[in-house]
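Peer 1: For reference, the structure I am asking about is given below.
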Amino acid sequence: MAWSDKSHPHRLLLTKQFPLGLEVVPVFRPVMRAVNRIWNSCVWHSRETFRQENRWPTEAELKTKSKSFAAWCELHSQSAQAVVEEYFEAVSAYRKHRENGHLEMNPPGFKPKDHLRTVTWKRQGFDVEGNTLVLKLSRGKEPVKVVLPEGWDVVVLPDGTEVKGVPVEVKVKAVVRRNVENLVLHVTLDLGVMPVHRAGAVSAYDYNSALVARAVSNGRLDLFVCRELLSLVQYRNKIIAGFQEKMGRLKEGSRRWKRCLSAKVRVLKRLDRCIRQMEHTLTKSFAGLDGAEDVAFAVVGNLRGLRCSARTGMKGKKASQKINHMAYDRLAREQRYKNLMRDIETDTWTEKNTSSTCCLCGARNPAWRRYRGLWVCGRCGLVLQADLNGAANLLKQYLFGSCTGRAEPFTFKEVRVWRWDGRHNRFVQVSPRAA
Ligand SMILES: [Zn+2]
């Protein structure tokens, strides 16, 4: 399931997946290949424009150009446009990376002829007839019908209520695992605008490289130890670097190079599944705690400032490396839709001064953040894990505008510490000494 906030901040959009089975591969193969041909044409056309005029074509230009491609006539016009949009997005991302100094990036390239590219059907591209999805192709072509199981458009929220959604987008993706291809249908359902509480407790989250601290206005303090997640992410980067070095020595496009590439993809896919699962469990734990403690607003630090200072090298090489490792944006996004399923609103707030102020008495002194992440206040003598201090300050900042010069109005309870339990694949509470 995934989440999008494009149309409305409280609109819940979830994607459900339905495996289609091998027998439908021949039905979708020509469509997916047509989409792939449009992609390759986009690549070719863009490169030509870049070679001749030293600029990348605009999205409108690409769309006009693509309409003359033969493959365009095989698809529903919106499905064909979606490919161009996807390509344009990829080029924009590439250009942005180049501008930011990532010169090692390559522009989106050609795909093999038999590559099964994802096909998208936008709202006008499909019809719903009971439990059957009618996926339209170009005019005059017979649409593809897919029968879905009963209750395909119903989502059960964590409190047990069932919500019927309106499908807004359908995608057919190919998954390849050990050479066996399968197709998966992704249906994005619009579940409407969720009612969020406007009264209740407030929780604040401080994301750090290996720790996530949580402070709630009811006095709860939680510390999530994410060392396992961080080490997985670091291991992933190490693997990428290893493959890059190996592939750099081989001739691009050679048989050994291709074998290396497919090995890289295989290893990374497996690792990514582990990472994503751990991230989901983490954000689910947050949303679960918030839901159980009647939280109305969950506040996440505004991470943009942190990332910017990391890039300019203000934090030193080691720290910036760590900051760029964990996928904070993705975590925050997941937390957001999981909160929304529990009628909790997620908000971002500035983290300014939160790590250099005492959460108890409000005195500010950056030097009181001692080694190994311990906060020792020189005025009131508070000794607290520094990230918890930061989360408590973020909470204060959100409620009162600023965390400095103000005493803590809550009395904090004992810190709860959570650790990843690899046997049960979830976060469990452990004794505080484990942190
Ligand atoms: Zn203090």
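Each chain of the structure tokens is named A, B, ... in the order shown, its residues numbered from 1; ligands are numbered from 1 in display order.
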How would you report the residues lying within 6 Å of ligand 1, as JSON, numbers by chain, if you count only C-alpha atoms and all ligand atoms?
Peer 2: {"A": [358, 360, 361, 363, 377, 379, 380, 381, 382]}
Peer 1: Restricting it to C-alpha atoms, dump the selection as an mmCIF file, in the first residue's frame.
Peer 2:
data_model
loop_
_atom_site.group_PDB
_atom_site.id
_atom_site.type_symbol
_atom_site.label_atom_id
_atom_site.label_comp_id
_atom_site.auth_asym_id
_atom_site.auth_seq_id
_atom_site.Cartn_x
_atom_site.Cartn_y
_atom_site.Cartn_z
ATOM 1 C CA CYS A 358 17.563 21.632 27.760
ATOM 2 C CA LEU A 360 13.475 20.585 31.260
ATOM 3 C CA CYS A 361 14.583 24.147 32.109
ATOM 4 C CA ALA A 363 18.448 26.879 28.917
ATOM 5 C CA CYS A 377 22.268 20.204 31.545
ATOM 6 C CA ARG A 379 21.810 24.523 34.863
ATOM 7 C CA CYS A 380 19.232 22.079 36.177
ATOM 8 C CA GLY A 381 21.397 18.966 36.031
ATOM 9 C CA LEU A 382 19.097 16.957 33.767
#
Peer 1: What's the 12 Å shell around A:Arg236, counting only C-alpha atoms, without same-chain residues fewer than 5 positions away, as a PyMOL selection string?
Peer 2: chain A and resi 229-231+241-243+264-265+267-275+325-326
Peer 1: Residues at most 9 Å from A:Met194, counting only C-alpha atoms, excluding those fewer than 2 positions away in the same chain, as a list in words?
Peer 2: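 What passes the distance filter is His10, Arg11, Leu12, Leu191, Gly192, Val196, Leu340, Met341, Arg342 and Asp343 of chain A.
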Peer 1: For the residues in the current selection, export N, CA and C atoms as a PDB file, in the first residue's frame.
Peer 2:
ATOM      1  N   HIS A  10      -5.522  15.281   3.631  1.00  0.00           N
ATOM      2  CA  HIS A  10      -6.172  14.252   4.446  1.00  0.00           C
ATOM      3  C   HIS A  10      -6.854  13.184   3.605  1.00  0.00           C
ATOM      4  N   ARG A  11      -6.585  13.230   2.319  1.00  0.00           N
ATOM      5  CA  ARG A  11      -7.181  12.229   1.455  1.00  0.00           C
ATOM      6  C   ARG A  11      -6.338  10.963   1.529  1.00  0.00           C
ATOM      7  N   LEU A  12      -6.979   9.869   1.804  1.00  0.00           N
ATOM      8  CA  LEU A  12      -6.238   8.617   1.944  1.00  0.00           C
ATOM      9  C   LEU A  12      -6.307   7.845   0.638  1.00  0.00           C
ATOM     10  N   LEU A 191      -9.926   6.556  -0.741  1.00  0.00           N
ATOM     11  CA  LEU A 191     -10.817   6.241   0.368  1.00  0.00           C
ATOM     12  C   LEU A 191     -11.471   7.494   0.934  1.00  0.00           C
ATOM     13  N   GLY A 192     -11.304   8.594   0.234  1.00  0.00           N
ATOM     14  CA  GLY A 192     -11.952   9.818   0.673  1.00  0.00           C
ATOM     15  C   GLY A 192     -11.113  10.574   1.681  1.00  0.00           C
ATOM     16  N   VAL A 196      -9.810  13.731  10.827  1.00  0.00           N
ATOM     17  CA  VAL A 196      -8.714  13.662  11.810  1.00  0.00           C
ATOM     18  C   VAL A 196      -9.174  14.312  13.103  1.00  0.00           C
ATOM     19  N   LEU A 340      -2.848   8.474   9.123  1.00  0.00           N
ATOM     20  CA  LEU A 340      -4.125   8.876   8.541  1.00  0.00           C
ATOM     21  C   LEU A 340      -5.152   7.748   8.655  1.00  0.00           C
ATOM     22  N   MET A 341      -4.682   6.512   8.558  1.00  0.00           N
ATOM     23  CA  MET A 341      -5.585   5.370   8.714  1.00  0.00           C
ATOM     24  C   MET A 341      -6.130   5.302  10.133  1.00  0.00           C
ATOM     25  N   ARG A 342      -5.444   5.959  11.058  1.00  0.00           N
ATOM     26  CA  ARG A 342      -5.900   5.978  12.458  1.00  0.00           C
ATOM     27  C   ARG A 342      -6.444   7.352  12.831  1.00  0.00           C
ATOM     28  N   ASP A 343      -6.802   8.155  11.844  1.00  0.00           N
ATOM     29  CA  ASP A 343      -7.355   9.500  12.033  1.00  0.00           C
ATOM     30  C   ASP A 343      -6.395  10.443  12.759  1.00  0.00           C
TER      31      ASP A 343
END
Peer 1: As an exercise, work out the distance from atom CA of A:Val430 to atom CA of A:Thr281 in Å and give it to one decimal place.
Peer 2: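 It comes out at 16.5 Å.
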Peer 1: So which residues of stretch 76-286 of chain A fall under strand (DSSP E or B) by DSSP, listed as an MDAnalysis selection string?
Peer 2: chainID A and resid 119:121 126:129 132:135 137 144:147 154:156 162:164 166:177 180:193 201:207 211:216 221:225
Peer 1: Using backbone DSSP assignments, extract all helix (DSSP H, G or I) residues from stretch 105-276 of chain A; output them as number ranges by chain.
Peer 2: A: 123-125, 227-249, 255-276
Peer 1: Write out as a PyMOL selection string which residues come within 9 Å of stretch 153-161 of chain A when counting only C-alpha atoms, dropping same-chain ones fewer than 2 positions away.
Peer 2: chain A and resi 14+16+131+150-151+163-167+187+189+191+288+341-342
Peer 1: Write a file of the just-selected residues containing N, CA and C atoms, as a PDB file, in the first residue's frame.
Peer 2:
ATOM      1  N   LEU A  14      -4.767   4.488  -1.049  1.00  0.00           N
ATOM      2  CA  LEU A  14      -4.001   3.281  -0.783  1.00  0.00           C
ATOM      3  C   LEU A  14      -3.986   2.415  -2.033  1.00  0.00           C
ATOM      4  N   LYS A  16      -3.707  -1.366  -3.511  1.00  0.00           N
ATOM      5  CA  LYS A  16      -3.797  -2.800  -3.220  1.00  0.00           C
ATOM      6  C   LYS A  16      -3.214  -3.569  -4.396  1.00  0.00           C
ATOM      7  N   ASN A 131     -17.128  -6.648 -10.078  1.00  0.00           N
ATOM      8  CA  ASN A 131     -15.781  -7.074  -9.688  1.00  0.00           C
ATOM      9  C   ASN A 131     -14.838  -7.177 -10.885  1.00  0.00           C
ATOM     10  N   GLU A 150     -13.840 -10.786  -4.593  1.00  0.00           N
ATOM     11  CA  GLU A 150     -14.848 -10.044  -3.829  1.00  0.00           C
ATOM     12  C   GLU A 150     -14.158  -9.157  -2.789  1.00  0.00           C
ATOM     13  N   GLY A 151     -14.642  -7.947  -2.642  1.00  0.00           N
ATOM     14  CA  GLY A 151     -14.068  -7.048  -1.633  1.00  0.00           C
ATOM     15  C   GLY A 151     -12.755  -6.431  -2.049  1.00  0.00           C
ATOM     16  N   VAL A 163     -13.735   0.438   4.768  1.00  0.00           N
ATOM     17  CA  VAL A 163     -13.996   1.586   3.909  1.00  0.00           C
ATOM     18  C   VAL A 163     -13.923   1.132   2.461  1.00  0.00           C
ATOM     19  N   LYS A 164     -14.963   1.505   1.711  1.00  0.00           N
ATOM     20  CA  LYS A 164     -14.978   1.173   0.292  1.00  0.00           C
ATOM     21  C   LYS A 164     -14.331   2.314  -0.478  1.00  0.00           C
ATOM     22  N   GLY A 165     -13.389   2.006  -1.321  1.00  0.00           N
ATOM     23  CA  GLY A 165     -12.683   3.039  -2.058  1.00  0.00           C
ATOM     24  C   GLY A 165     -13.119   3.111  -3.508  1.00  0.00           C
ATOM     25  N   VAL A 166     -12.787   4.229  -4.113  1.00  0.00           N
ATOM     26  CA  VAL A 166     -13.049   4.410  -5.548  1.00  0.00           C
ATOM     27  C   VAL A 166     -11.718   4.270  -6.278  1.00  0.00           C
ATOM     28  N   PRO A 167     -11.615   3.331  -7.220  1.00  0.00           N
ATOM     29  CA  PRO A 167     -10.338   3.184  -7.917  1.00  0.00           C
ATOM     30  C   PRO A 167     -10.027   4.422  -8.753  1.00  0.00           C
ATOM     31  N   VAL A 187      -3.962  -1.549  -7.832  1.00  0.00           N
ATOM     32  CA  VAL A 187      -5.140  -0.681  -7.917  1.00  0.00           C
ATOM     33  C   VAL A 187      -5.046   0.362  -6.820  1.00  0.00           C
ATOM     34  N   LEU A 189      -6.767   3.030  -4.613  1.00  0.00           N
ATOM     35  CA  LEU A 189      -8.135   3.339  -4.200  1.00  0.00           C
ATOM     36  C   LEU A 189      -8.168   4.662  -3.453  1.00  0.00           C
ATOM     37  N   LEU A 191      -9.926   6.556  -0.741  1.00  0.00           N
ATOM     38  CA  LEU A 191     -10.817   6.241   0.368  1.00  0.00           C
ATOM     39  C   LEU A 191     -11.471   7.494   0.934  1.00  0.00           C
ATOM     40  N   GLY A 288       0.913   2.838  15.674  1.00  0.00           N
ATOM     41  CA  GLY A 288       0.193   2.021  16.647  1.00  0.00           C
ATOM     42  C   GLY A 288       0.212   2.653  18.028  1.00  0.00           C
ATOM     43  N   MET A 341      -4.682   6.512   8.558  1.00  0.00           N
ATOM     44  CA  MET A 341      -5.585   5.370   8.714  1.00  0.00           C
ATOM     45  C   MET A 341      -6.130   5.302  10.133  1.00  0.00           C
ATOM     46  N   ARG A 342      -5.444   5.959  11.058  1.00  0.00           N
ATOM     47  CA  ARG A 342      -5.900   5.978  12.458  1.00  0.00           C
ATOM     48  C   ARG A 342      -6.444   7.352  12.831  1.00  0.00           C
TER      49      ARG A 342
END
Peer 1: Taking only C-alpha atoms into account, which of A:Leu374, A:Phe427, A:Arg276, A:Val184 comes nearest A:Leu289?
Peer 2: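 Residue with the minimum atom-to-atom distance to A:Leu289: A:Phe427.
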Peer 1: Near stretch 391-394 of chain A, within 6 Å and counting only C-alpha atoms, which residues show up once chain neighbours fewer than 3 positions away are dropped, as a list in words?
Peer 2: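 Skipping anything fewer than 3 positions along the chain leaves Ala204, Tyr205, Asp206, Ala213, Arg214, Ala215, Thr354, Cys359, Leu388, Gln397 and Cys403 of chain A.
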Peer 1: Can you pull out every residue within 9 Å of A:Phe110, counting only C-alpha atoms, but drop anything in the same chain fewer than 4 positions away, and send it as number ranges by chain?
Peer 2: A: 36, 39-41, 43-44
Peer 1: Show which residues sit within 9 Å of A:Leu211, as an MDAnalysis selection string. Count only C-alpha atoms, and ignore same-chain residues fewer than 6 positions away.
Peer 2: chainID A and resid 223:227 387
Peer 1: For the residues selected in the previous step, produce a file with N, CA and C atoms as a short mmCIF file (atom, residue, chain, number, x, y, z; two decimals), in the first residue's frame.
Peer 2:
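Saved result, part-v4.cif, follows:
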data_model
loop_
_atom_site.label_atom_id
_atom_site.label_comp_id
_atom_site.auth_asym_id
_atom_site.auth_seq_id
_atom_site.Cartn_x
_atom_site.Cartn_y
_atom_site.Cartn_z
N LEU A 223 12.27 5.39 22.98
CA LEU A 223 13.49 5.40 22.18
C LEU A 223 13.51 4.13 21.33
N PHE A 224 13.55 4.31 20.03
CA PHE A 224 13.61 3.16 19.12
C PHE A 224 15.04 2.98 18.63
N VAL A 225 15.61 1.84 18.90
CA VAL A 225 16.97 1.56 18.45
C VAL A 225 16.89 0.93 17.07
N CYS A 226 17.41 1.65 16.06
CA CYS A 226 17.29 1.18 14.67
C CYS A 226 18.64 0.80 14.11
N ARG A 227 19.51 0.31 14.96
CA ARG A 227 20.87 -0.03 14.52
C ARG A 227 20.84 -1.07 13.39
N ASP A 387 18.82 12.49 22.02
CA ASP A 387 17.75 12.49 21.01
C ASP A 387 16.38 12.63 21.67
#
Peer 1: Quick one, how far is atom CA of A:Thr357 from atom CA of A:Gly301?
Peer 2: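 Taking atom CA of A:Thr357 and atom CA of A:Gly301, their separation equals 15.3 Å.
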